[in-house]
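Peer 1: The following file, upload02.txt, comprises compact mmCIF, N, CA and C atoms and all ligand atoms:
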# COMPACT_ATOMS: atom_id res chain seq x y z
N MET A 13 -48.23 8.36 -6.29
CA MET A 13 -48.77 7.94 -5.00
C MET A 13 -48.91 9.14 -4.07
N ASP A 14 -50.01 9.21 -3.39
CA ASP A 14 -50.24 10.29 -2.44
C ASP A 14 -50.07 9.74 -1.01
N PHE A 15 -49.36 10.50 -0.20
CA PHE A 15 -49.16 10.09 1.17
C PHE A 15 -49.53 11.23 2.10
N ASP A 16 -49.90 10.86 3.31
CA ASP A 16 -50.11 11.85 4.37
C ASP A 16 -48.80 12.62 4.56
N PRO A 17 -48.81 13.93 4.34
CA PRO A 17 -47.56 14.69 4.41
C PRO A 17 -46.89 14.67 5.79
N THR A 18 -47.67 14.39 6.83
CA THR A 18 -47.06 14.35 8.17
C THR A 18 -46.16 13.12 8.33
N LEU A 19 -46.29 12.17 7.40
CA LEU A 19 -45.45 10.97 7.48
C LEU A 19 -44.04 11.23 6.96
N ARG A 20 -43.87 12.30 6.20
CA ARG A 20 -42.58 12.55 5.59
C ARG A 20 -41.50 12.77 6.65
N GLY A 21 -40.42 11.99 6.53
CA GLY A 21 -39.31 12.08 7.47
C GLY A 21 -39.62 11.44 8.81
N ASN A 22 -40.74 10.76 8.89
CA ASN A 22 -41.25 10.35 10.18
C ASN A 22 -41.91 8.98 10.16
N CYS A 23 -41.47 8.11 9.26
CA CYS A 23 -42.17 6.82 9.19
C CYS A 23 -41.23 5.69 8.82
N ILE A 24 -41.76 4.50 8.92
CA ILE A 24 -41.05 3.31 8.48
C ILE A 24 -41.72 2.85 7.19
N LEU A 25 -40.93 2.68 6.16
CA LEU A 25 -41.46 2.22 4.87
C LEU A 25 -41.27 0.72 4.77
N CYS A 26 -42.37 0.01 4.52
CA CYS A 26 -42.33 -1.45 4.39
C CYS A 26 -42.69 -1.83 2.97
N ALA A 27 -41.82 -2.57 2.31
CA ALA A 27 -42.13 -3.10 0.98
C ALA A 27 -42.25 -4.61 1.11
N GLU A 28 -43.46 -5.09 0.91
CA GLU A 28 -43.75 -6.52 1.11
C GLU A 28 -44.98 -6.86 0.27
N ASP A 29 -44.89 -7.89 -0.55
CA ASP A 29 -46.01 -8.20 -1.46
C ASP A 29 -46.96 -9.25 -0.89
N ASN A 30 -46.54 -9.97 0.15
CA ASN A 30 -47.40 -11.02 0.69
C ASN A 30 -48.36 -10.44 1.72
N GLU A 31 -49.66 -10.70 1.52
CA GLU A 31 -50.68 -10.06 2.37
C GLU A 31 -50.57 -10.46 3.84
N VAL A 32 -50.25 -11.72 4.07
CA VAL A 32 -50.13 -12.18 5.46
C VAL A 32 -48.94 -11.48 6.12
N ASN A 33 -47.82 -11.40 5.39
CA ASN A 33 -46.65 -10.72 5.95
C ASN A 33 -46.92 -9.23 6.15
N GLN A 34 -47.69 -8.65 5.24
CA GLN A 34 -48.08 -7.23 5.39
C GLN A 34 -48.84 -7.04 6.70
N MET A 35 -49.76 -7.97 6.97
CA MET A 35 -50.57 -7.86 8.19
C MET A 35 -49.72 -7.99 9.44
N VAL A 36 -48.75 -8.89 9.40
CA VAL A 36 -47.84 -9.06 10.54
C VAL A 36 -47.05 -7.77 10.78
N LEU A 37 -46.55 -7.17 9.70
CA LEU A 37 -45.79 -5.93 9.83
C LEU A 37 -46.68 -4.81 10.36
N GLN A 38 -47.88 -4.71 9.79
CA GLN A 38 -48.80 -3.66 10.20
C GLN A 38 -49.14 -3.79 11.68
N HIS A 39 -49.48 -4.99 12.09
CA HIS A 39 -49.85 -5.24 13.48
C HIS A 39 -48.68 -4.92 14.42
N THR A 40 -47.49 -5.40 14.05
CA THR A 40 -46.30 -5.21 14.88
C THR A 40 -45.99 -3.73 15.06
N LEU A 41 -46.06 -2.97 13.96
CA LEU A 41 -45.70 -1.55 14.03
C LEU A 41 -46.82 -0.73 14.69
N ASP A 42 -48.07 -1.12 14.43
CA ASP A 42 -49.20 -0.44 15.07
C ASP A 42 -49.14 -0.57 16.59
N GLU A 43 -48.79 -1.77 17.05
CA GLU A 43 -48.75 -2.02 18.50
C GLU A 43 -47.78 -1.08 19.20
N GLN A 44 -46.72 -0.69 18.49
CA GLN A 44 -45.73 0.21 19.07
C GLN A 44 -45.97 1.65 18.63
N SER A 45 -47.11 1.89 17.99
CA SER A 45 -47.43 3.23 17.49
C SER A 45 -46.32 3.80 16.61
N LEU A 46 -45.73 2.94 15.79
CA LEU A 46 -44.70 3.38 14.86
C LEU A 46 -45.36 3.69 13.51
N PRO A 47 -45.37 4.97 13.09
CA PRO A 47 -46.00 5.32 11.82
C PRO A 47 -45.32 4.57 10.67
N HIS A 48 -46.12 4.06 9.76
CA HIS A 48 -45.54 3.27 8.67
C HIS A 48 -46.41 3.33 7.43
N VAL A 49 -45.79 3.02 6.32
CA VAL A 49 -46.48 2.92 5.03
C VAL A 49 -46.07 1.59 4.43
N ILE A 50 -47.04 0.84 3.91
CA ILE A 50 -46.75 -0.45 3.30
C ILE A 50 -47.03 -0.38 1.80
N VAL A 51 -46.07 -0.78 1.01
CA VAL A 51 -46.25 -0.88 -0.44
C VAL A 51 -45.95 -2.32 -0.85
N ASP A 52 -46.38 -2.70 -2.07
CA ASP A 52 -46.30 -4.12 -2.41
C ASP A 52 -45.41 -4.48 -3.59
N ASP A 53 -44.58 -3.54 -4.03
CA ASP A 53 -43.54 -3.93 -4.99
C ASP A 53 -42.35 -2.98 -4.90
N GLY A 54 -41.26 -3.37 -5.53
CA GLY A 54 -40.02 -2.61 -5.38
C GLY A 54 -40.05 -1.25 -6.04
N LYS A 55 -40.82 -1.13 -7.11
CA LYS A 55 -40.92 0.16 -7.80
C LYS A 55 -41.67 1.16 -6.91
N LYS A 56 -42.77 0.69 -6.32
CA LYS A 56 -43.52 1.55 -5.39
C LYS A 56 -42.64 1.90 -4.18
N ALA A 57 -41.80 0.97 -3.77
CA ALA A 57 -40.92 1.23 -2.64
C ALA A 57 -39.97 2.38 -2.97
N TYR A 58 -39.42 2.35 -4.17
CA TYR A 58 -38.51 3.42 -4.60
C TYR A 58 -39.25 4.76 -4.67
N GLU A 59 -40.44 4.77 -5.25
CA GLU A 59 -41.24 6.00 -5.34
C GLU A 59 -41.62 6.50 -3.95
N ALA A 60 -42.00 5.57 -3.08
CA ALA A 60 -42.42 5.95 -1.72
C ALA A 60 -41.22 6.47 -0.92
N TRP A 61 -40.05 5.87 -1.14
CA TRP A 61 -38.84 6.36 -0.46
C TRP A 61 -38.58 7.83 -0.84
N LYS A 62 -38.73 8.13 -2.13
CA LYS A 62 -38.52 9.51 -2.59
C LYS A 62 -39.53 10.46 -1.95
N ALA A 63 -40.78 10.02 -1.88
CA ALA A 63 -41.85 10.89 -1.38
C ALA A 63 -41.82 11.03 0.14
N LEU A 64 -41.39 9.98 0.83
CA LEU A 64 -41.57 9.92 2.28
C LEU A 64 -40.32 10.19 3.11
N ASP A 65 -39.14 10.01 2.52
CA ASP A 65 -37.90 10.17 3.29
C ASP A 65 -38.01 9.41 4.62
N PRO A 66 -38.25 8.10 4.56
CA PRO A 66 -38.51 7.33 5.79
C PRO A 66 -37.27 7.21 6.67
N LYS A 67 -37.51 6.86 7.94
CA LYS A 67 -36.41 6.68 8.89
C LYS A 67 -35.73 5.33 8.71
N VAL A 68 -36.54 4.35 8.32
CA VAL A 68 -36.04 2.99 8.11
C VAL A 68 -36.85 2.39 6.96
N VAL A 69 -36.21 1.54 6.18
CA VAL A 69 -36.92 0.81 5.13
C VAL A 69 -36.82 -0.69 5.42
N LEU A 70 -37.96 -1.36 5.42
CA LEU A 70 -37.99 -2.83 5.48
C LEU A 70 -38.26 -3.30 4.06
N MET A 71 -37.35 -4.07 3.50
CA MET A 71 -37.44 -4.40 2.08
C MET A 71 -37.48 -5.91 1.86
N ASP A 72 -38.63 -6.39 1.44
CA ASP A 72 -38.72 -7.78 0.99
C ASP A 72 -37.86 -7.90 -0.27
N ILE A 73 -37.33 -9.09 -0.52
CA ILE A 73 -36.49 -9.26 -1.71
C ILE A 73 -37.30 -9.73 -2.90
N SER A 74 -38.08 -10.78 -2.73
CA SER A 74 -38.89 -11.30 -3.84
C SER A 74 -40.21 -10.56 -3.93
N MET A 75 -40.32 -9.68 -4.94
CA MET A 75 -41.55 -8.90 -5.15
C MET A 75 -41.77 -8.76 -6.65
N PRO A 76 -43.04 -8.56 -7.04
CA PRO A 76 -43.32 -8.35 -8.46
C PRO A 76 -42.88 -6.96 -8.92
N VAL A 77 -42.89 -6.76 -10.22
CA VAL A 77 -42.58 -5.49 -10.90
C VAL A 77 -41.09 -5.15 -10.77
N MET A 78 -40.64 -5.01 -9.54
CA MET A 78 -39.21 -4.76 -9.29
C MET A 78 -38.86 -5.41 -7.97
N ASN A 79 -37.81 -6.23 -7.94
CA ASN A 79 -37.48 -6.91 -6.68
C ASN A 79 -36.74 -5.98 -5.72
N GLY A 80 -36.56 -6.46 -4.51
CA GLY A 80 -35.96 -5.63 -3.47
C GLY A 80 -34.53 -5.22 -3.77
N ILE A 81 -33.79 -6.10 -4.40
CA ILE A 81 -32.38 -5.80 -4.72
C ILE A 81 -32.31 -4.62 -5.68
N GLU A 82 -33.15 -4.64 -6.71
CA GLU A 82 -33.15 -3.55 -7.70
C GLU A 82 -33.62 -2.24 -7.06
N SER A 83 -34.62 -2.34 -6.19
CA SER A 83 -35.15 -1.16 -5.52
C SER A 83 -34.09 -0.53 -4.62
N ILE A 84 -33.38 -1.38 -3.87
CA ILE A 84 -32.29 -0.89 -3.00
C ILE A 84 -31.23 -0.20 -3.84
N ALA A 85 -30.91 -0.80 -4.98
CA ALA A 85 -29.87 -0.22 -5.85
C ALA A 85 -30.25 1.18 -6.31
N LEU A 86 -31.53 1.38 -6.67
CA LEU A 86 -31.99 2.71 -7.10
C LEU A 86 -31.90 3.72 -5.95
N ILE A 87 -32.33 3.28 -4.78
CA ILE A 87 -32.27 4.16 -3.61
C ILE A 87 -30.82 4.55 -3.32
N ARG A 88 -29.93 3.57 -3.29
CA ARG A 88 -28.53 3.86 -2.95
C ARG A 88 -27.89 4.76 -4.01
N MET A 89 -28.30 4.60 -5.27
CA MET A 89 -27.74 5.44 -6.33
C MET A 89 -28.15 6.90 -6.13
N ASP A 90 -29.44 7.13 -5.85
CA ASP A 90 -29.93 8.49 -5.61
C ASP A 90 -29.26 9.10 -4.37
N GLU A 91 -29.09 8.27 -3.36
CA GLU A 91 -28.54 8.78 -2.10
C GLU A 91 -27.12 9.30 -2.26
N GLN A 92 -26.36 8.70 -3.18
CA GLN A 92 -24.98 9.14 -3.37
C GLN A 92 -24.94 10.62 -3.71
N ALA A 93 -25.90 11.06 -4.52
CA ALA A 93 -25.95 12.47 -4.91
C ALA A 93 -26.48 13.34 -3.77
N MET A 94 -27.24 12.71 -2.85
CA MET A 94 -27.89 13.47 -1.79
C MET A 94 -27.07 13.50 -0.51
N GLY A 95 -26.07 12.63 -0.42
CA GLY A 95 -25.23 12.59 0.77
C GLY A 95 -25.93 12.12 2.01
N LYS A 96 -26.86 11.16 1.84
CA LYS A 96 -27.47 10.55 3.02
C LYS A 96 -27.69 9.08 2.78
N ARG A 97 -28.10 8.36 3.84
CA ARG A 97 -28.25 6.91 3.70
C ARG A 97 -29.30 6.42 4.69
N VAL A 98 -30.41 5.92 4.17
CA VAL A 98 -31.47 5.38 5.02
C VAL A 98 -31.09 3.95 5.43
N PRO A 99 -31.29 3.61 6.70
CA PRO A 99 -31.05 2.22 7.09
C PRO A 99 -32.06 1.29 6.41
N ILE A 100 -31.56 0.24 5.77
CA ILE A 100 -32.45 -0.71 5.09
C ILE A 100 -32.28 -2.10 5.70
N ILE A 101 -33.42 -2.68 6.09
CA ILE A 101 -33.44 -4.06 6.59
C ILE A 101 -34.01 -4.94 5.48
N ALA A 102 -33.22 -5.86 4.98
CA ALA A 102 -33.72 -6.81 3.97
C ALA A 102 -34.49 -7.91 4.67
N LEU A 103 -35.71 -8.15 4.18
CA LEU A 103 -36.55 -9.23 4.72
C LEU A 103 -36.63 -10.30 3.65
N THR A 104 -36.28 -11.51 4.00
CA THR A 104 -36.32 -12.51 2.95
C THR A 104 -36.56 -13.91 3.46
N ALA A 105 -37.26 -14.67 2.67
CA ALA A 105 -37.49 -16.07 2.98
C ALA A 105 -36.29 -16.92 2.57
N HIS A 106 -35.44 -16.34 1.76
CA HIS A 106 -34.25 -17.08 1.32
C HIS A 106 -33.39 -17.37 2.54
N ALA A 107 -32.96 -18.57 2.68
CA ALA A 107 -32.11 -18.89 3.84
C ALA A 107 -30.85 -19.59 3.37
N LEU A 108 -30.52 -19.37 2.13
CA LEU A 108 -29.34 -20.03 1.59
C LEU A 108 -28.07 -19.38 2.13
N LYS A 109 -27.07 -20.22 2.29
CA LYS A 109 -25.77 -19.73 2.76
C LYS A 109 -25.25 -18.70 1.75
N GLY A 110 -24.81 -17.59 2.28
CA GLY A 110 -24.27 -16.57 1.38
C GLY A 110 -25.28 -15.48 1.05
N ASP A 111 -26.56 -15.71 1.39
CA ASP A 111 -27.58 -14.71 1.06
C ASP A 111 -27.38 -13.41 1.82
N GLU A 112 -27.02 -13.54 3.09
CA GLU A 112 -26.85 -12.33 3.90
C GLU A 112 -25.81 -11.42 3.24
N GLU A 113 -24.69 -12.02 2.83
CA GLU A 113 -23.63 -11.25 2.18
C GLU A 113 -24.16 -10.61 0.90
N ARG A 114 -25.00 -11.34 0.19
CA ARG A 114 -25.54 -10.83 -1.08
C ARG A 114 -26.41 -9.59 -0.85
N PHE A 115 -27.22 -9.63 0.21
CA PHE A 115 -28.12 -8.50 0.48
C PHE A 115 -27.34 -7.30 0.99
N ILE A 116 -26.34 -7.56 1.83
CA ILE A 116 -25.52 -6.46 2.34
C ILE A 116 -24.75 -5.83 1.17
N GLU A 117 -24.24 -6.68 0.31
CA GLU A 117 -23.52 -6.20 -0.88
C GLU A 117 -24.43 -5.36 -1.76
N ALA A 118 -25.71 -5.73 -1.82
CA ALA A 118 -26.68 -5.00 -2.64
C ALA A 118 -27.03 -3.63 -2.04
N GLY A 119 -26.64 -3.41 -0.78
CA GLY A 119 -26.90 -2.10 -0.20
C GLY A 119 -27.77 -2.13 1.04
N ALA A 120 -28.23 -3.32 1.43
CA ALA A 120 -28.97 -3.41 2.70
C ALA A 120 -27.97 -3.30 3.86
N ASP A 121 -28.45 -2.78 4.98
CA ASP A 121 -27.58 -2.65 6.15
C ASP A 121 -27.76 -3.82 7.10
N TYR A 122 -28.96 -4.38 7.10
CA TYR A 122 -29.31 -5.44 8.02
C TYR A 122 -30.10 -6.49 7.24
N TYR A 123 -30.27 -7.63 7.88
CA TYR A 123 -30.90 -8.76 7.21
C TYR A 123 -31.76 -9.50 8.23
N MET A 124 -32.98 -9.82 7.87
CA MET A 124 -33.84 -10.59 8.75
C MET A 124 -34.57 -11.63 7.91
N SER A 125 -34.50 -12.89 8.36
CA SER A 125 -35.17 -13.94 7.59
C SER A 125 -36.62 -14.06 8.02
N LYS A 126 -37.46 -14.45 7.06
CA LYS A 126 -38.89 -14.59 7.30
C LYS A 126 -39.20 -16.06 7.61
N PRO A 127 -40.23 -16.40 8.37
CA PRO A 127 -41.18 -15.43 8.93
C PRO A 127 -40.53 -14.52 9.98
N VAL A 128 -40.90 -13.24 9.89
CA VAL A 128 -40.29 -12.26 10.79
C VAL A 128 -40.81 -12.45 12.21
N ASN A 129 -39.88 -12.50 13.15
CA ASN A 129 -40.25 -12.52 14.56
C ASN A 129 -40.49 -11.08 14.99
N PRO A 130 -41.73 -10.75 15.40
CA PRO A 130 -42.06 -9.35 15.71
C PRO A 130 -41.11 -8.71 16.73
N ASN A 131 -40.78 -9.46 17.80
CA ASN A 131 -39.91 -8.87 18.82
C ASN A 131 -38.51 -8.60 18.29
N SER A 132 -38.00 -9.52 17.47
CA SER A 132 -36.67 -9.31 16.89
C SER A 132 -36.67 -8.10 15.98
N LEU A 133 -37.76 -7.96 15.21
CA LEU A 133 -37.85 -6.82 14.30
C LEU A 133 -37.91 -5.51 15.07
N LEU A 134 -38.74 -5.49 16.13
CA LEU A 134 -38.86 -4.26 16.92
C LEU A 134 -37.54 -3.92 17.61
N ASP A 135 -36.82 -4.95 18.07
CA ASP A 135 -35.50 -4.71 18.68
C ASP A 135 -34.56 -4.07 17.66
N MET A 136 -34.58 -4.62 16.44
CA MET A 136 -33.68 -4.11 15.41
C MET A 136 -34.03 -2.66 15.07
N ILE A 137 -35.31 -2.38 14.93
CA ILE A 137 -35.75 -1.01 14.61
C ILE A 137 -35.38 -0.07 15.75
N ASP A 138 -35.58 -0.53 16.98
CA ASP A 138 -35.25 0.31 18.13
C ASP A 138 -33.76 0.63 18.16
N GLN A 139 -32.93 -0.35 17.86
CA GLN A 139 -31.49 -0.11 17.86
C GLN A 139 -31.08 0.86 16.77
N ILE A 140 -31.81 0.82 15.65
CA ILE A 140 -31.50 1.74 14.55
C ILE A 140 -31.95 3.16 14.90
N LEU A 141 -33.16 3.27 15.45
CA LEU A 141 -33.71 4.60 15.73
C LEU A 141 -33.12 5.22 16.99
N ASN A 142 -32.71 4.37 17.94
CA ASN A 142 -32.17 4.87 19.20
C ASN A 142 -30.83 4.21 19.48
N PRO A 143 -29.82 4.56 18.70
CA PRO A 143 -28.51 3.92 18.93
C PRO A 143 -28.00 4.27 20.32
N PRO A 144 -27.32 3.33 20.96
CA PRO A 144 -26.81 3.60 22.31
C PRO A 144 -25.82 4.76 22.27
N THR A 145 -25.95 5.66 23.21
CA THR A 145 -25.03 6.79 23.26
C THR A 145 -23.74 6.34 23.96
N THR A 146 -22.66 6.82 23.46
CA THR A 146 -21.36 6.50 24.07
C THR A 146 -21.10 7.46 25.21
N SER A 147 -20.90 6.92 26.37
CA SER A 147 -20.61 7.81 27.50
C SER A 147 -19.11 8.09 27.54
N VAL A 148 -18.81 9.33 27.72
CA VAL A 148 -17.40 9.74 27.77
C VAL A 148 -17.00 9.92 29.23
N LEU A 149 -16.00 9.18 29.63
CA LEU A 149 -15.55 9.28 31.01
C LEU A 149 -14.50 10.38 31.12
N THR A 150 -14.74 11.27 32.04
CA THR A 150 -13.74 12.32 32.28
C THR A 150 -13.16 12.13 33.67
N SER A 151 -11.90 12.39 33.81
CA SER A 151 -11.27 12.21 35.13
C SER A 151 -11.19 13.53 35.87
MG MG B 201 -42.22 -11.36 -1.46
Represent the structure of the file as structure tokens.

Peer 2:
Amino acid sequence: MDFDPTLRGNCILCAEDNEVNQMVLQHTLDEQSLPHVIVDDGKKAYEAWKALDPKVVLMDISMPVMNGIESIALIRMDEQAMGKRVPIIALTAHALKGDEERFIEAGADYYMSKPVNPNSLLDMIDQILNPPTTSVLTS
């Protein structure tokens, strides 16, 4: 896969196979001028993660070729050798009790159920990219 080299280290990687959900993600991120790349299966997500070094990964769970859980596992395995960790938000239509724990256990840091609420997603991304600074009080 070829990517715009200026996106490296500077984008949000979205893995989502559903076209309507892709459009929602694209529209939401475009509105905030957040550079992003959308891929449609877990294998492409893993390859794109290697090529792009994204700031955040949005990972659908149910995808063809390779699902989100397997893709996250590959990313986390590589990262152990690299000594870094990309924030991953699992996106899933699954709403079964215990799913959140399953995705976190698989290596996701956050969890958002679909259909994705654009404002909630942007809030989550903003908190990841701009964590609140701790003010130190001196006497
Ligand atoms: Mg899917």

Peer 1: Within 8 Å of range 13-16 of chain A, counting only C-alpha atoms, which residues show up once you throw out same-chain ones fewer than 6 positions away? Write them as a CSV table (one decimal) with N, CA and C atoms, in the frame of the given file, please.

Peer 2:
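So out.csv came out as:
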chain,number,residue,atom,x,y,z
A,59,GLU,N,-40.4,4.8,-5.2
A,59,GLU,CA,-41.2,6.0,-5.3
A,59,GLU,C,-41.6,6.5,-4.0
A,60,ALA,N,-42.0,5.6,-3.1
A,60,ALA,CA,-42.4,6.0,-1.7
A,60,ALA,C,-41.2,6.5,-0.9
A,63,ALA,N,-40.8,10.0,-1.9
A,63,ALA,CA,-41.8,10.9,-1.4
A,63,ALA,C,-41.8,11.0,0.1
A,64,LEU,N,-41.4,10.0,0.8
A,64,LEU,CA,-41.6,9.9,2.3
A,64,LEU,C,-40.3,10.2,3.1

Peer 1: My list of candidates is A:Asp42, A:Glu28, A:Glu117, A:Asp52. Which is closest to Ala85 in chain A when distances are computed with only C-alpha atoms?

Peer 2: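 Nearest candidate to Ala85 in chain A out of A:Asp42, A:Glu28, A:Glu117, A:Asp52: A:Glu117.
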
Peer 1: Let me make sure I understand: among A:Asn22, A:Ser74, A:Asn33, A:Ser147, which one has the smallest atom-to-atom distance to Ala105 in chain A if we use all atoms listed in the file?

Peer 2: A:Ser74

Peer 1: Quick one, how far is atom C of Asp29 in chain A from CA of Lys96 in chain A?

Peer 2: 28.1 Å

Peer 1: Would you work out the distance separating atom C of Ser83 in chain A from CA of Thr104 in chain A, expressed in Å to one decimal?

Peer 2: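 Atom C of Ser83 in chain A sits 14.3 Å away from CA of Thr104 in chain A.
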
Peer 1: Enumerate, as a list in words, the complete set of residues in chain A that a backbone-based DSSP assignment places in strand (DSSP E or B).

Peer 2: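 Taking chain A and keeping strand (DSSP E or B) gives Ile24, Leu25, Cys26, Ala27, His48, Val49, Ile50, Val51, Val68, Val69, Leu70, Met71, Asp72, Ile100, Ile101, Ala102, Leu103, Thr104, Tyr122, Tyr123, Met124 and Ser125 of chain A.
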
Peer 1: Print the selection's residues with N, CA and C atoms to a file, as a PDB file, in the coordinates of the input.

Peer 2:
ATOM      1  N   ILE A  24     -41.760   4.500   8.920  1.00  0.00           N
ATOM      2  CA  ILE A  24     -41.050   3.310   8.480  1.00  0.00           C
ATOM      3  C   ILE A  24     -41.720   2.850   7.190  1.00  0.00           C
ATOM      4  N   LEU A  25     -40.930   2.680   6.160  1.00  0.00           N
ATOM      5  CA  LEU A  25     -41.460   2.220   4.870  1.00  0.00           C
ATOM      6  C   LEU A  25     -41.270   0.720   4.770  1.00  0.00           C
ATOM      7  N   CYS A  26     -42.370   0.010   4.520  1.00  0.00           N
ATOM      8  CA  CYS A  26     -42.330  -1.450   4.390  1.00  0.00           C
ATOM      9  C   CYS A  26     -42.690  -1.830   2.970  1.00  0.00           C
ATOM     10  N   ALA A  27     -41.820  -2.570   2.310  1.00  0.00           N
ATOM     11  CA  ALA A  27     -42.130  -3.100   0.980  1.00  0.00           C
ATOM     12  C   ALA A  27     -42.250  -4.610   1.110  1.00  0.00           C
ATOM     13  N   HIS A  48     -46.120   4.060   9.760  1.00  0.00           N
ATOM     14  CA  HIS A  48     -45.540   3.270   8.670  1.00  0.00           C
ATOM     15  C   HIS A  48     -46.410   3.330   7.430  1.00  0.00           C
ATOM     16  N   VAL A  49     -45.790   3.020   6.320  1.00  0.00           N
ATOM     17  CA  VAL A  49     -46.480   2.920   5.030  1.00  0.00           C
ATOM     18  C   VAL A  49     -46.070   1.590   4.430  1.00  0.00           C
ATOM     19  N   ILE A  50     -47.040   0.840   3.910  1.00  0.00           N
ATOM     20  CA  ILE A  50     -46.750  -0.450   3.300  1.00  0.00           C
ATOM     21  C   ILE A  50     -47.030  -0.380   1.800  1.00  0.00           C
ATOM     22  N   VAL A  51     -46.070  -0.780   1.010  1.00  0.00           N
ATOM     23  CA  VAL A  51     -46.250  -0.880  -0.440  1.00  0.00           C
ATOM     24  C   VAL A  51     -45.950  -2.320  -0.850  1.00  0.00           C
ATOM     25  N   VAL A  68     -36.540   4.350   8.320  1.00  0.00           N
ATOM     26  CA  VAL A  68     -36.040   2.990   8.110  1.00  0.00           C
ATOM     27  C   VAL A  68     -36.850   2.390   6.960  1.00  0.00           C
ATOM     28  N   VAL A  69     -36.210   1.540   6.180  1.00  0.00           N
ATOM     29  CA  VAL A  69     -36.920   0.810   5.130  1.00  0.00           C
ATOM     30  C   VAL A  69     -36.820  -0.690   5.420  1.00  0.00           C
ATOM     31  N   LEU A  70     -37.960  -1.360   5.420  1.00  0.00           N
ATOM     32  CA  LEU A  70     -37.990  -2.830   5.480  1.00  0.00           C
ATOM     33  C   LEU A  70     -38.260  -3.300   4.060  1.00  0.00           C
ATOM     34  N   MET A  71     -37.350  -4.070   3.500  1.00  0.00           N
ATOM     35  CA  MET A  71     -37.440  -4.400   2.080  1.00  0.00           C
ATOM     36  C   MET A  71     -37.480  -5.910   1.860  1.00  0.00           C
ATOM     37  N   ASP A  72     -38.630  -6.390   1.440  1.00  0.00           N
ATOM     38  CA  ASP A  72     -38.720  -7.780   0.990  1.00  0.00           C
ATOM     39  C   ASP A  72     -37.860  -7.900  -0.270  1.00  0.00           C
ATOM     40  N   ILE A 100     -31.560   0.240   5.770  1.00  0.00           N
ATOM     41  CA  ILE A 100     -32.450  -0.710   5.090  1.00  0.00           C
ATOM     42  C   ILE A 100     -32.280  -2.100   5.700  1.00  0.00           C
ATOM     43  N   ILE A 101     -33.420  -2.680   6.090  1.00  0.00           N
ATOM     44  CA  ILE A 101     -33.440  -4.060   6.590  1.00  0.00           C
ATOM     45  C   ILE A 101     -34.010  -4.940   5.480  1.00  0.00           C
ATOM     46  N   ALA A 102     -33.220  -5.860   4.980  1.00  0.00           N
ATOM     47  CA  ALA A 102     -33.720  -6.810   3.970  1.00  0.00           C
ATOM     48  C   ALA A 102     -34.490  -7.910   4.670  1.00  0.00           C
ATOM     49  N   LEU A 103     -35.710  -8.150   4.180  1.00  0.00           N
ATOM     50  CA  LEU A 103     -36.550  -9.230   4.720  1.00  0.00           C
ATOM     51  C   LEU A 103     -36.630 -10.300   3.650  1.00  0.00           C
ATOM     52  N   THR A 104     -36.280 -11.510   4.000  1.00  0.00           N
ATOM     53  CA  THR A 104     -36.320 -12.510   2.950  1.00  0.00           C
ATOM     54  C   THR A 104     -36.560 -13.910   3.460  1.00  0.00           C
ATOM     55  N   TYR A 122     -28.960  -4.380   7.100  1.00  0.00           N
ATOM     56  CA  TYR A 122     -29.310  -5.440   8.020  1.00  0.00           C
ATOM     57  C   TYR A 122     -30.100  -6.490   7.240  1.00  0.00           C
ATOM     58  N   TYR A 123     -30.270  -7.630   7.880  1.00  0.00           N
ATOM     59  CA  TYR A 123     -30.900  -8.760   7.210  1.00  0.00           C
ATOM     60  C   TYR A 123     -31.760  -9.500   8.230  1.00  0.00           C
ATOM     61  N   MET A 124     -32.980  -9.820   7.870  1.00  0.00           N
ATOM     62  CA  MET A 124     -33.840 -10.590   8.750  1.00  0.00           C
ATOM     63  C   MET A 124     -34.570 -11.630   7.910  1.00  0.00           C
ATOM     64  N   SER A 125     -34.500 -12.890   8.360  1.00  0.00           N
ATOM     65  CA  SER A 125     -35.170 -13.940   7.590  1.00  0.00           C
ATOM     66  C   SER A 125     -36.620 -14.060   8.020  1.00  0.00           C
TER      67      SER A 125
END

Peer 1: In Å, with one decimal, what is the gap from CA of Leu25 in chain A to CA of Glu112 in chain A?

Peer 2: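 Pair CA of Leu25 in chain A / CA of Glu112 in chain A returns 20.6 Å.
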
Peer 1: If we count only N, CA and C atoms and set the cut-off at 8 Å, which residues sit around Gly80 in chain A, ignoring sequence neighbours fewer than 2 positions away in its own chain? Please answer as a list in words.

Peer 2: Ala27, Asp53, Gly54, Lys55, Met71, Asp72, Ile73, Ser74, Met75, Pro76, Val77, Met78, Glu82, Ser83, Ile84, Ala85, Leu86, Ala102 and Ala118 of chain A

Peer 1: Out of A:Asp138, A:Leu70, A:Tyr122, A:Ile87, which residue has the shortest atom-to-atom distance to Leu37 in chain A when counting only C-alpha atoms?

Peer 2: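 Under the stated criterion, the closest residue is A:Leu70.
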
Peer 1: What are the centre and the three edge lengths of an axis-aligned box that wraps all atoms of range 46-56 of chain A in the file, given that 5 Å is added to every side, written as lines of an AutoDock Vina configuration file and rounded to one decimal in Å?

Peer 2:
center_x = -43.5
center_y = 0.4
center_z = 4.0
size_x = 17.0
size_y = 19.8
size_z = 33.6

Peer 1: Using only C-alpha atoms and all ligand atoms, which of the listed residues (A:Val69, A:Val32, A:Ile24, A:Ala120) sits closest to ligand MG 201 (chain B)?

Peer 2: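 The shortest atom-to-atom distance to ligand MG 201 (chain B) comes from A:Val32.
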
Peer 1: Taking only N, CA and C atoms and all ligand atoms into account, name the residue in A:Pro144, A:Met124, A:Asn30, A:Ala57 that is nearest to ligand MG 201 (chain B).

Peer 2: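 Checking each candidate against ligand MG 201 (chain B), we get A:Asn30 as the closest.
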
Peer 1: Do a neighbour search on Asp121 in chain A at 6 Å with only N, CA and C atoms, toss out local chain neighbours closer than 6 positions, and write the hits as a PyMOL selection string.

Peer 2: chain A and resi 99-102

Peer 1: Select, from A:Arg114, A:Asn129, A:Leu103, A:Arg20, the residue with the minimum atom-to-atom distance to ligand MG 201 (chain B), counting all atoms listed in the file.

Peer 2: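 The shortest atom-to-atom distance to ligand MG 201 (chain B) comes from A:Leu103.
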